[in-house]
Amino acid sequence: MNIVNKFQNFWDEKIKYIDTIQLCYKLEKTSFSTFENIEFYNLTFTSFDNSTIHAKYIKNIKYRTLYPNKPIPILFYFHGYPASSRNWLEKSTFVSLGYDVVAIDFRNQGGLSKDKSNSSPSVFGHLTIGLDENIEDMIFYKNILDTLILSKIVSSFDEVDSKNIASYGASQGGAFSIMFAALNKNVTKCISLYPFLSDFQTFYDLDNRKNAYAEFTHHGRWFNTKGENTRAFLNNLYYLDTLNFSKLLKCEVLFGISNLDEDCPKETQEKVFNNIESKKKKCIYKKYYHENIPHFNDEVFNFLLEEK
């Protein structure tokens, strides 16, 4: 079995596992949801390990009024690291483009989702949780399964087009946009800006001590002093590497690269882009770091407005 098939088979088995899970969720309208054209909901669900996961769900009422017989596409918004689904206003802009919007809080970051086995929120450190153990102990692995369960929940809602899904994110969100699209055949459009969680082997070898990847340095100094565990944990990270997920993409992709990025260097971003075999568009921003890129927002606008 070649290495690509090994990766594919691993995640095929996880998707089969997710399909056996009975959905258990609660959808509650927020107190400020008093508008005619849009509704705001808190969505909480029980994940595969009985952890409680939170997401925002924004329902496009105007679209349903204008097109009563036409199901509405769904956009999944993935946030950066370490953060949360952030504010409702930002998500509402995508509703104006003709989508329902879903935004998950990843476990133990800045939002409301809690990991049952490690319930305390933390600032950074998520890359190394479970790193020397089984991949099932790693919090990013759990996050991926959470997104697949959330997709099943939202796809079951009335009036949504479960076969017309868009994924969007930057940094950690850019990674999860690709992961989610690679594992969900119903994603038709994937938007990723300077994806995180990419090319772990290179990052570990380079000993990048900037921001999130500094976790590798500290882990190595304290728990892998002589490098005896490197092979084992890189094998775990192999199944979480955006570089490998990008090879599986079948949908159309809009990809933004920040040329001066020190958090997710341009070289790793380009490796991910070059691994994509589906229809794709690359936007390079030569004087931007790991930051908001207004022009890319315009590209996103046009990309989502293309025929859905």
# chains A, B, ... in the order shown; residues from 1 in each chain; ligands from 1
>>> residues_around(residues="segment 221-236 of chain A", least_positions_apart="3", cutoff="12 Å", atoms="only C-alpha atoms", output="ChimeraX atom specification")
/A:3,6-7,10,127-141,199-205,207,214-218,239-241
>>> select_by_dssp(residues="segment 36-147 of chain A", states="strand (DSSP E or B)", output="ChimeraX atom specification")
/A:38-46,52-60,72-78,100-104,115,118
>>> write_last_selection(atoms="N, CA, C and O atoms", output="compact mmCIF listing (two decimals), in the first residue's frame")
# COMPACT_ATOMS: atom_id res chain seq x y z
N ILE A 38 -33.13 37.24 8.93
CA ILE A 38 -32.02 36.41 9.39
C ILE A 38 -32.30 35.95 10.81
O ILE A 38 -32.91 36.67 11.60
N GLU A 39 -31.89 34.72 11.14
CA GLU A 39 -32.06 34.19 12.48
C GLU A 39 -30.74 33.64 13.01
O GLU A 39 -29.96 33.04 12.26
N PHE A 40 -30.50 33.83 14.31
CA PHE A 40 -29.24 33.44 14.93
C PHE A 40 -29.49 32.36 15.98
O PHE A 40 -30.36 32.52 16.85
N TYR A 41 -28.70 31.29 15.92
CA TYR A 41 -28.89 30.16 16.82
C TYR A 41 -27.57 29.72 17.44
O TYR A 41 -26.51 29.77 16.80
N ASN A 42 -27.65 29.27 18.69
CA ASN A 42 -26.57 28.53 19.31
C ASN A 42 -26.85 27.05 19.09
O ASN A 42 -27.95 26.56 19.38
N LEU A 43 -25.86 26.35 18.58
CA LEU A 43 -26.00 24.92 18.30
C LEU A 43 -25.00 24.17 19.18
O LEU A 43 -23.79 24.43 19.11
N THR A 44 -25.47 23.29 20.02
CA THR A 44 -24.58 22.44 20.81
C THR A 44 -24.87 20.99 20.49
O THR A 44 -26.03 20.61 20.27
N PHE A 45 -23.81 20.18 20.43
CA PHE A 45 -24.02 18.76 20.15
C PHE A 45 -23.05 17.90 20.93
O PHE A 45 -22.00 18.37 21.40
N THR A 46 -23.43 16.66 21.09
CA THR A 46 -22.59 15.68 21.76
C THR A 46 -21.74 14.98 20.72
O THR A 46 -22.27 14.41 19.77
N THR A 52 -18.96 18.02 24.74
CA THR A 52 -19.98 18.97 24.29
C THR A 52 -19.33 20.03 23.41
O THR A 52 -18.43 20.74 23.86
N ILE A 53 -19.81 20.14 22.18
CA ILE A 53 -19.23 21.05 21.20
C ILE A 53 -20.25 22.13 20.84
O ILE A 53 -21.45 21.85 20.70
N HIS A 54 -19.74 23.34 20.70
CA HIS A 54 -20.60 24.49 20.41
C HIS A 54 -20.31 25.05 19.02
O HIS A 54 -19.17 25.03 18.54
N ALA A 55 -21.37 25.56 18.38
CA ALA A 55 -21.21 26.23 17.09
C ALA A 55 -22.27 27.33 16.98
O ALA A 55 -23.30 27.30 17.66
N LYS A 56 -22.00 28.27 16.13
CA LYS A 56 -22.99 29.28 15.75
C LYS A 56 -23.66 28.81 14.45
O LYS A 56 -23.00 28.29 13.55
N TYR A 57 -24.96 29.03 14.38
CA TYR A 57 -25.69 28.73 13.15
C TYR A 57 -26.54 29.94 12.78
O TYR A 57 -27.32 30.44 13.59
N ILE A 58 -26.34 30.44 11.57
CA ILE A 58 -27.09 31.61 11.10
C ILE A 58 -27.96 31.17 9.92
O ILE A 58 -27.46 30.65 8.92
N LYS A 59 -29.23 31.38 10.07
CA LYS A 59 -30.22 30.92 9.09
C LYS A 59 -30.69 32.08 8.22
O LYS A 59 -31.09 33.13 8.72
N ASN A 60 -30.61 31.89 6.94
CA ASN A 60 -30.95 32.92 5.96
C ASN A 60 -32.45 32.84 5.64
O ASN A 60 -32.88 32.03 4.82
N ILE A 72 -31.03 25.98 0.24
CA ILE A 72 -29.96 26.97 0.38
C ILE A 72 -28.60 26.31 0.63
O ILE A 72 -28.50 25.36 1.42
N PRO A 73 -27.54 26.78 -0.03
CA PRO A 73 -26.20 26.26 0.25
C PRO A 73 -25.75 26.60 1.67
O PRO A 73 -26.29 27.51 2.31
N ILE A 74 -24.75 25.87 2.15
CA ILE A 74 -24.24 26.06 3.51
C ILE A 74 -22.77 26.43 3.45
O ILE A 74 -22.00 25.83 2.68
N LEU A 75 -22.36 27.40 4.25
CA LEU A 75 -20.95 27.75 4.37
C LEU A 75 -20.46 27.41 5.77
O LEU A 75 -21.04 27.88 6.76
N PHE A 76 -19.42 26.62 5.85
CA PHE A 76 -18.78 26.29 7.12
C PHE A 76 -17.57 27.18 7.31
O PHE A 76 -16.65 27.18 6.49
N TYR A 77 -17.60 27.94 8.40
CA TYR A 77 -16.54 28.90 8.72
C TYR A 77 -15.67 28.30 9.83
O TYR A 77 -16.17 27.89 10.88
N PHE A 78 -14.35 28.26 9.60
CA PHE A 78 -13.42 27.71 10.59
C PHE A 78 -12.47 28.80 11.07
O PHE A 78 -11.85 29.50 10.25
N ASP A 100 -26.62 29.75 4.31
CA ASP A 100 -26.68 29.57 5.74
C ASP A 100 -25.23 29.43 6.20
O ASP A 100 -24.39 28.93 5.45
N VAL A 101 -24.93 29.83 7.43
CA VAL A 101 -23.54 29.83 7.89
C VAL A 101 -23.44 29.05 9.20
O VAL A 101 -24.27 29.20 10.10
N VAL A 102 -22.39 28.22 9.29
CA VAL A 102 -22.10 27.44 10.49
C VAL A 102 -20.66 27.73 10.90
O VAL A 102 -19.76 27.72 10.06
N ALA A 103 -20.45 27.99 12.20
CA ALA A 103 -19.09 28.29 12.68
C ALA A 103 -18.86 27.57 14.00
O ALA A 103 -19.48 27.88 15.01
N ILE A 104 -17.96 26.59 13.98
CA ILE A 104 -17.67 25.78 15.16
C ILE A 104 -16.66 26.45 16.07
O ILE A 104 -15.81 27.23 15.61
N ASP A 115 -13.23 19.76 25.67
CA ASP A 115 -12.77 18.39 25.51
C ASP A 115 -12.99 17.65 26.83
O ASP A 115 -12.48 18.06 27.87
N ASN A 118 -9.96 16.65 28.85
CA ASN A 118 -9.05 17.72 29.27
C ASN A 118 -9.84 19.02 29.19
O ASN A 118 -9.71 19.78 28.24
>>> atom_distance(atom1="atom CA of Phe196 of chain A", atom2="atom CA of Ala83 of chain A")
13.6 Å
>>> closest_atom_pairs(of="segment 156-218 of chain A", to="segment 251-257 of chain A", cutoff="6 Å", atoms="only C-alpha atoms", output="Markdown table")
| residue | atom | partner | partner_atom | distance |
| --- | --- | --- | --- | --- |
| A:Thr188 | CA | A:Cys251 | CA | 4.9 |
| A:Lys189 | CA | A:Glu252 | CA | 5.0 |
| A:Cys190 | CA | A:Val253 | CA | 4.7 |
| A:Ile191 | CA | A:Leu254 | CA | 4.8 |
| A:Ser192 | CA | A:Phe255 | CA | 5.0 |
| A:Leu193 | CA | A:Gly256 | CA | 4.4 |
| A:Tyr194 | CA | A:Ile257 | CA | 5.3 |
>>> write_last_selection(atoms="all heavy atoms", output="PDB file, in the first residue's frame")
ATOM      1  N   THR A 188     -18.360  21.877  -2.462  1.00  0.00           N
ATOM      2  CA  THR A 188     -18.145  22.269  -3.854  1.00  0.00           C
ATOM      3  C   THR A 188     -17.129  23.404  -3.991  1.00  0.00           C
ATOM      4  O   THR A 188     -16.532  23.577  -5.050  1.00  0.00           O
ATOM      5  CB  THR A 188     -19.476  22.708  -4.498  1.00  0.00           C
ATOM      6  OG1 THR A 188     -20.035  23.789  -3.729  1.00  0.00           O
ATOM      7  CG2 THR A 188     -20.462  21.550  -4.525  1.00  0.00           C
ATOM      8  N   LYS A 189     -16.958  24.182  -2.895  1.00  0.00           N
ATOM      9  CA  LYS A 189     -16.010  25.298  -2.915  1.00  0.00           C
ATOM     10  C   LYS A 189     -15.232  25.324  -1.607  1.00  0.00           C
ATOM     11  O   LYS A 189     -15.815  25.258  -0.521  1.00  0.00           O
ATOM     12  CB  LYS A 189     -16.730  26.630  -3.102  1.00  0.00           C
ATOM     13  CG  LYS A 189     -17.400  26.786  -4.468  1.00  0.00           C
ATOM     14  CD  LYS A 189     -18.021  28.161  -4.625  1.00  0.00           C
ATOM     15  CE  LYS A 189     -18.647  28.318  -6.002  1.00  0.00           C
ATOM     16  NZ  LYS A 189     -19.200  29.674  -6.216  1.00  0.00           N
ATOM     17  N   CYS A 190     -13.912  25.452  -1.734  1.00  0.00           N
ATOM     18  CA  CYS A 190     -13.029  25.494  -0.571  1.00  0.00           C
ATOM     19  C   CYS A 190     -12.184  26.755  -0.640  1.00  0.00           C
ATOM     20  O   CYS A 190     -11.527  27.015  -1.658  1.00  0.00           O
ATOM     21  CB  CYS A 190     -12.139  24.254  -0.549  1.00  0.00           C
ATOM     22  SG  CYS A 190     -10.823  24.281   0.690  1.00  0.00           S
ATOM     23  N   ILE A 191     -12.210  27.531   0.448  1.00  0.00           N
ATOM     24  CA  ILE A 191     -11.414  28.762   0.525  1.00  0.00           C
ATOM     25  C   ILE A 191     -10.405  28.612   1.651  1.00  0.00           C
ATOM     26  O   ILE A 191     -10.779  28.311   2.794  1.00  0.00           O
ATOM     27  CB  ILE A 191     -12.313  29.974   0.788  1.00  0.00           C
ATOM     28  CG1 ILE A 191     -13.369  30.111  -0.307  1.00  0.00           C
ATOM     29  CG2 ILE A 191     -11.472  31.254   0.893  1.00  0.00           C
ATOM     30  CD1 ILE A 191     -14.515  31.038   0.063  1.00  0.00           C
ATOM     31  N   SER A 192      -9.133  28.811   1.338  1.00  0.00           N
ATOM     32  CA  SER A 192      -8.086  28.651   2.349  1.00  0.00           C
ATOM     33  C   SER A 192      -7.053  29.759   2.206  1.00  0.00           C
ATOM     34  O   SER A 192      -6.486  29.965   1.132  1.00  0.00           O
ATOM     35  CB  SER A 192      -7.400  27.285   2.198  1.00  0.00           C
ATOM     36  OG  SER A 192      -6.408  27.108   3.180  1.00  0.00           O
ATOM     37  N   LEU A 193      -6.807  30.459   3.316  1.00  0.00           N
ATOM     38  CA  LEU A 193      -5.794  31.510   3.352  1.00  0.00           C
ATOM     39  C   LEU A 193      -4.690  31.099   4.317  1.00  0.00           C
ATOM     40  O   LEU A 193      -4.955  30.704   5.449  1.00  0.00           O
ATOM     41  CB  LEU A 193      -6.434  32.825   3.813  1.00  0.00           C
ATOM     42  CG  LEU A 193      -5.516  34.036   3.987  1.00  0.00           C
ATOM     43  CD1 LEU A 193      -4.870  34.426   2.654  1.00  0.00           C
ATOM     44  CD2 LEU A 193      -6.294  35.220   4.574  1.00  0.00           C
ATOM     45  N   TYR A 194      -3.448  31.157   3.864  1.00  0.00           N
ATOM     46  CA  TYR A 194      -2.233  30.756   4.596  1.00  0.00           C
ATOM     47  C   TYR A 194      -2.483  29.651   5.636  1.00  0.00           C
ATOM     48  O   TYR A 194      -2.407  29.853   6.833  1.00  0.00           O
ATOM     49  CB  TYR A 194      -1.527  31.952   5.249  1.00  0.00           C
ATOM     50  CG  TYR A 194      -2.364  33.019   5.931  1.00  0.00           C
ATOM     51  CD1 TYR A 194      -3.119  32.749   7.072  1.00  0.00           C
ATOM     52  CD2 TYR A 194      -2.357  34.331   5.454  1.00  0.00           C
ATOM     53  CE1 TYR A 194      -3.831  33.731   7.721  1.00  0.00           C
ATOM     54  CE2 TYR A 194      -3.084  35.329   6.089  1.00  0.00           C
ATOM     55  CZ  TYR A 194      -3.816  35.026   7.225  1.00  0.00           C
ATOM     56  OH  TYR A 194      -4.541  36.002   7.867  1.00  0.00           O
TER      57      TYR A 194
END
>>> closest_atom_pairs(of="segment 139-237 of chain A", to="segment 262-268 of chain A", cutoff="8 Å", atoms="only C-alpha atoms", output="CSV")
residue,atom,partner,partner_atom,distance
A:Ser171,CA,A:Cys264,CA,7.7
A:Tyr194,CA,A:Cys264,CA,6.5
A:Pro195,CA,A:Cys264,CA,7.0
A:Phe196,CA,A:Cys264,CA,6.0
A:Ser198,CA,A:Thr268,CA,6.4
A:Asp199,CA,A:Thr268,CA,6.2
A:Lys210,CA,A:Asp263,CA,6.3
A:Asn211,CA,A:Asp263,CA,6.5
A:Ala212,CA,A:Asp263,CA,7.5
A:Tyr213,CA,A:Asp263,CA,7.7
>>> write_last_selection(atoms="C-alpha atoms", output="PDB file, in the first residue's frame")
ATOM      1  CA  SER A 171      -4.526  29.905   9.282  1.00  0.00           C
ATOM      2  CA  TYR A 194      -2.233  30.756   4.596  1.00  0.00           C
ATOM      3  CA  PRO A 195      -3.130  27.336   6.089  1.00  0.00           C
ATOM      4  CA  PHE A 196      -1.626  26.222   9.382  1.00  0.00           C
ATOM      5  CA  SER A 198       1.127  22.061   7.130  1.00  0.00           C
ATOM      6  CA  ASP A 199       4.356  20.185   6.378  1.00  0.00           C
ATOM      7  CA  LYS A 210       7.685  31.592  16.231  1.00  0.00           C
ATOM      8  CA  ASN A 211       4.185  31.501  17.669  1.00  0.00           C
ATOM      9  CA  ALA A 212       2.234  28.236  17.471  1.00  0.00           C
ATOM     10  CA  TYR A 213       4.996  26.036  16.068  1.00  0.00           C
TER      11      TYR A 213
END
>>> atom_distance(atom1="atom CA of Gly111 of chain A", atom2="atom CA of Pro82 of chain A")
9.3 Å
>>> closest_residue(among="A:Leu183, A:Cys283, A:Tyr289, A:Arg107", to="Glu270 of chain A", atoms="only C-alpha atoms")
A:Cys283
>>> closest_residue(among="A:Phe157, A:Phe303, A:Phe32, A:Phe48", to="Ile18 of chain A", atoms="only C-alpha atoms")
A:Phe48
>>> select_by_dssp(residues="segment 55-154 of chain A", states="helix (DSSP H, G or I)", output="PDB file with N, CA, C and O atoms, in the first residue's frame")
ATOM      1  N   ILE A  61     -33.223  33.691   6.292  1.00  0.00           N
ATOM      2  CA  ILE A  61     -34.671  33.682   6.103  1.00  0.00           C
ATOM      3  C   ILE A  61     -35.065  34.347   4.778  1.00  0.00           C
ATOM      4  O   ILE A  61     -35.985  33.908   4.088  1.00  0.00           O
ATOM      5  N   LYS A  62     -34.360  35.405   4.428  1.00  0.00           N
ATOM      6  CA  LYS A  62     -34.683  36.122   3.192  1.00  0.00           C
ATOM      7  C   LYS A  62     -34.563  35.215   1.979  1.00  0.00           C
ATOM      8  O   LYS A  62     -35.414  35.237   1.083  1.00  0.00           O
ATOM      9  N   TYR A  63     -33.516  34.408   1.927  1.00  0.00           N
ATOM     10  CA  TYR A  63     -33.339  33.474   0.804  1.00  0.00           C
ATOM     11  C   TYR A  63     -34.527  32.524   0.718  1.00  0.00           C
ATOM     12  O   TYR A  63     -35.055  32.263  -0.379  1.00  0.00           O
ATOM     13  N   ARG A  64     -34.956  32.018   1.853  1.00  0.00           N
ATOM     14  CA  ARG A  64     -36.075  31.079   1.870  1.00  0.00           C
ATOM     15  C   ARG A  64     -37.370  31.737   1.420  1.00  0.00           C
ATOM     16  O   ARG A  64     -38.238  31.090   0.822  1.00  0.00           O
ATOM     17  N   THR A  65     -37.509  33.030   1.708  1.00  0.00           N
ATOM     18  CA  THR A  65     -38.703  33.766   1.280  1.00  0.00           C
ATOM     19  C   THR A  65     -38.688  34.006  -0.224  1.00  0.00           C
ATOM     20  O   THR A  65     -39.706  33.847  -0.909  1.00  0.00           O
ATOM     21  N   LEU A  66     -37.513  34.371  -0.744  1.00  0.00           N
ATOM     22  CA  LEU A  66     -37.388  34.663  -2.177  1.00  0.00           C
ATOM     23  C   LEU A  66     -37.438  33.407  -3.029  1.00  0.00           C
ATOM     24  O   LEU A  66     -37.963  33.428  -4.150  1.00  0.00           O
ATOM     25  N   TRP A  88     -20.823  37.393  15.645  1.00  0.00           N
ATOM     26  CA  TRP A  88     -21.912  37.080  14.722  1.00  0.00           C
ATOM     27  C   TRP A  88     -21.886  37.961  13.477  1.00  0.00           C
ATOM     28  O   TRP A  88     -22.281  37.533  12.387  1.00  0.00           O
ATOM     29  N   LEU A  89     -21.429  39.196  13.633  1.00  0.00           N
ATOM     30  CA  LEU A  89     -21.435  40.143  12.531  1.00  0.00           C
ATOM     31  C   LEU A  89     -20.608  39.642  11.358  1.00  0.00           C
ATOM     32  O   LEU A  89     -21.044  39.698  10.196  1.00  0.00           O
ATOM     33  N   GLU A  90     -19.405  39.162  11.647  1.00  0.00           N
ATOM     34  CA  GLU A  90     -18.519  38.675  10.593  1.00  0.00           C
ATOM     35  C   GLU A  90     -19.173  37.547   9.796  1.00  0.00           C
ATOM     36  O   GLU A  90     -19.065  37.491   8.578  1.00  0.00           O
ATOM     37  N   LYS A  91     -19.844  36.635  10.481  1.00  0.00           N
ATOM     38  CA  LYS A  91     -20.490  35.502   9.801  1.00  0.00           C
ATOM     39  C   LYS A  91     -21.682  35.951   8.962  1.00  0.00           C
ATOM     40  O   LYS A  91     -21.991  35.368   7.928  1.00  0.00           O
ATOM     41  N   SER A  92     -22.354  36.999   9.435  1.00  0.00           N
ATOM     42  CA  SER A  92     -23.567  37.449   8.753  1.00  0.00           C
ATOM     43  C   SER A  92     -23.283  37.960   7.347  1.00  0.00           C
ATOM     44  O   SER A  92     -24.168  37.953   6.484  1.00  0.00           O
ATOM     45  N   THR A  93     -22.067  38.414   7.105  1.00  0.00           N
ATOM     46  CA  THR A  93     -21.740  38.891   5.755  1.00  0.00           C
ATOM     47  C   THR A  93     -21.887  37.782   4.718  1.00  0.00           C
ATOM     48  O   THR A  93     -22.284  38.035   3.573  1.00  0.00           O
ATOM     49  N   PHE A  94     -21.602  36.541   5.115  1.00  0.00           N
ATOM     50  CA  PHE A  94     -21.727  35.431   4.168  1.00  0.00           C
ATOM     51  C   PHE A  94     -23.191  35.096   3.893  1.00  0.00           C
ATOM     52  O   PHE A  94     -23.522  34.584   2.826  1.00  0.00           O
ATOM     53  N   VAL A  95     -24.055  35.382   4.849  1.00  0.00           N
ATOM     54  CA  VAL A  95     -25.481  35.170   4.640  1.00  0.00           C
ATOM     55  C   VAL A  95     -25.975  36.034   3.484  1.00  0.00           C
ATOM     56  O   VAL A  95     -26.806  35.612   2.675  1.00  0.00           O
ATOM     57  N   ILE A 135      -2.931   8.703  18.012  1.00  0.00           N
ATOM     58  CA  ILE A 135      -3.498   9.858  17.318  1.00  0.00           C
ATOM     59  C   ILE A 135      -4.893  10.176  17.859  1.00  0.00           C
ATOM     60  O   ILE A 135      -5.310  11.337  17.889  1.00  0.00           O
ATOM     61  N   GLU A 136      -5.621   9.145  18.342  1.00  0.00           N
ATOM     62  CA  GLU A 136      -6.956   9.371  18.889  1.00  0.00           C
ATOM     63  C   GLU A 136      -6.942  10.266  20.135  1.00  0.00           C
ATOM     64  O   GLU A 136      -7.970  10.796  20.542  1.00  0.00           O
ATOM     65  N   ASP A 137      -5.762  10.433  20.738  1.00  0.00           N
ATOM     66  CA  ASP A 137      -5.633  11.298  21.912  1.00  0.00           C
ATOM     67  C   ASP A 137      -5.340  12.744  21.532  1.00  0.00           C
ATOM     68  O   ASP A 137      -5.348  13.628  22.399  1.00  0.00           O
ATOM     69  N   ILE A 139      -5.838  16.417  20.096  1.00  0.00           N
ATOM     70  CA  ILE A 139      -7.019  17.272  20.078  1.00  0.00           C
ATOM     71  C   ILE A 139      -7.386  17.726  18.659  1.00  0.00           C
ATOM     72  O   ILE A 139      -8.565  17.915  18.341  1.00  0.00           O
ATOM     73  N   PHE A 140      -6.405  17.855  17.778  1.00  0.00           N
ATOM     74  CA  PHE A 140      -6.736  18.234  16.400  1.00  0.00           C
ATOM     75  C   PHE A 140      -7.442  17.098  15.676  1.00  0.00           C
ATOM     76  O   PHE A 140      -8.310  17.335  14.821  1.00  0.00           O
ATOM     77  N   TYR A 141      -7.097  15.874  15.987  1.00  0.00           N
ATOM     78  CA  TYR A 141      -7.828  14.720  15.453  1.00  0.00           C
ATOM     79  C   TYR A 141      -9.287  14.789  15.890  1.00  0.00           C
ATOM     80  O   TYR A 141     -10.209  14.591  15.083  1.00  0.00           O
ATOM     81  N   LYS A 142      -9.508  15.063  17.158  1.00  0.00           N
ATOM     82  CA  LYS A 142     -10.872  15.157  17.677  1.00  0.00           C
ATOM     83  C   LYS A 142     -11.633  16.296  17.003  1.00  0.00           C
ATOM     84  O   LYS A 142     -12.826  16.180  16.699  1.00  0.00           O
ATOM     85  N   ASN A 143     -10.937  17.415  16.760  1.00  0.00           N
ATOM     86  CA  ASN A 143     -11.575  18.544  16.082  1.00  0.00           C
ATOM     87  C   ASN A 143     -12.070  18.168  14.692  1.00  0.00           C
ATOM     88  O   ASN A 143     -13.138  18.611  14.253  1.00  0.00           O
ATOM     89  N   ILE A 144     -11.282  17.375  13.981  1.00  0.00           N
ATOM     90  CA  ILE A 144     -11.687  16.957  12.635  1.00  0.00           C
ATOM     91  C   ILE A 144     -12.970  16.138  12.702  1.00  0.00           C
ATOM     92  O   ILE A 144     -13.917  16.369  11.935  1.00  0.00           O
ATOM     93  N   LEU A 145     -13.030  15.190  13.630  1.00  0.00           N
ATOM     94  CA  LEU A 145     -14.242  14.383  13.772  1.00  0.00           C
ATOM     95  C   LEU A 145     -15.437  15.251  14.172  1.00  0.00           C
ATOM     96  O   LEU A 145     -16.562  15.031  13.704  1.00  0.00           O
ATOM     97  N   ASP A 146     -15.184  16.249  15.013  1.00  0.00           N
ATOM     98  CA  ASP A 146     -16.266  17.177  15.399  1.00  0.00           C
ATOM     99  C   ASP A 146     -16.867  17.858  14.168  1.00  0.00           C
ATOM    100  O   ASP A 146     -18.090  18.007  14.066  1.00  0.00           O
ATOM    101  N   THR A 147     -16.009  18.294  13.246  1.00  0.00           N
ATOM    102  CA  THR A 147     -16.521  18.998  12.059  1.00  0.00           C
ATOM    103  C   THR A 147     -17.372  18.072  11.193  1.00  0.00           C
ATOM    104  O   THR A 147     -18.363  18.507  10.595  1.00  0.00           O
ATOM    105  N   LEU A 148     -16.999  16.799  11.135  1.00  0.00           N
ATOM    106  CA  LEU A 148     -17.766  15.851  10.320  1.00  0.00           C
ATOM    107  C   LEU A 148     -19.136  15.573  10.936  1.00  0.00           C
ATOM    108  O   LEU A 148     -20.141  15.444  10.220  1.00  0.00           O
ATOM    109  N   ILE A 149     -19.174  15.498  12.258  1.00  0.00           N
ATOM    110  CA  ILE A 149     -20.461  15.307  12.930  1.00  0.00           C
ATOM    111  C   ILE A 149     -21.337  16.546  12.757  1.00  0.00           C
ATOM    112  O   ILE A 149     -22.538  16.447  12.471  1.00  0.00           O
ATOM    113  N   LEU A 150     -20.736  17.722  12.915  1.00  0.00           N
ATOM    114  CA  LEU A 150     -21.480  18.970  12.721  1.00  0.00           C
ATOM    115  C   LEU A 150     -22.050  19.050  11.308  1.00  0.00           C
ATOM    116  O   LEU A 150     -23.189  19.490  11.109  1.00  0.00           O
ATOM    117  N   SER A 151     -21.285  18.612  10.334  1.00  0.00           N
ATOM    118  CA  SER A 151     -21.756  18.614   8.949  1.00  0.00           C
ATOM    119  C   SER A 151     -22.983  17.723   8.782  1.00  0.00           C
ATOM    120  O   SER A 151     -23.948  18.082   8.094  1.00  0.00           O
ATOM    121  N   LYS A 152     -22.967  16.558   9.426  1.00  0.00           N
ATOM    122  CA  LYS A 152     -24.120  15.659   9.352  1.00  0.00           C
ATOM    123  C   LYS A 152     -25.352  16.302   9.980  1.00  0.00           C
ATOM    124  O   LYS A 152     -26.466  16.180   9.458  1.00  0.00           O
ATOM    125  N   ILE A 153     -25.148  16.998  11.089  1.00  0.00           N
ATOM    126  CA  ILE A 153     -26.268  17.642  11.776  1.00  0.00           C
ATOM    127  C   ILE A 153     -26.890  18.709  10.894  1.00  0.00           C
ATOM    128  O   ILE A 153     -28.110  18.717  10.645  1.00  0.00           O
ATOM    129  N   VAL A 154     -26.080  19.629  10.406  1.00  0.00           N
ATOM    130  CA  VAL A 154     -26.607  20.747   9.620  1.00  0.00           C
ATOM    131  C   VAL A 154     -27.183  20.265   8.297  1.00  0.00           C
ATOM    132  O   VAL A 154     -28.194  20.790   7.810  1.00  0.00           O
TER     133      VAL A 154
END
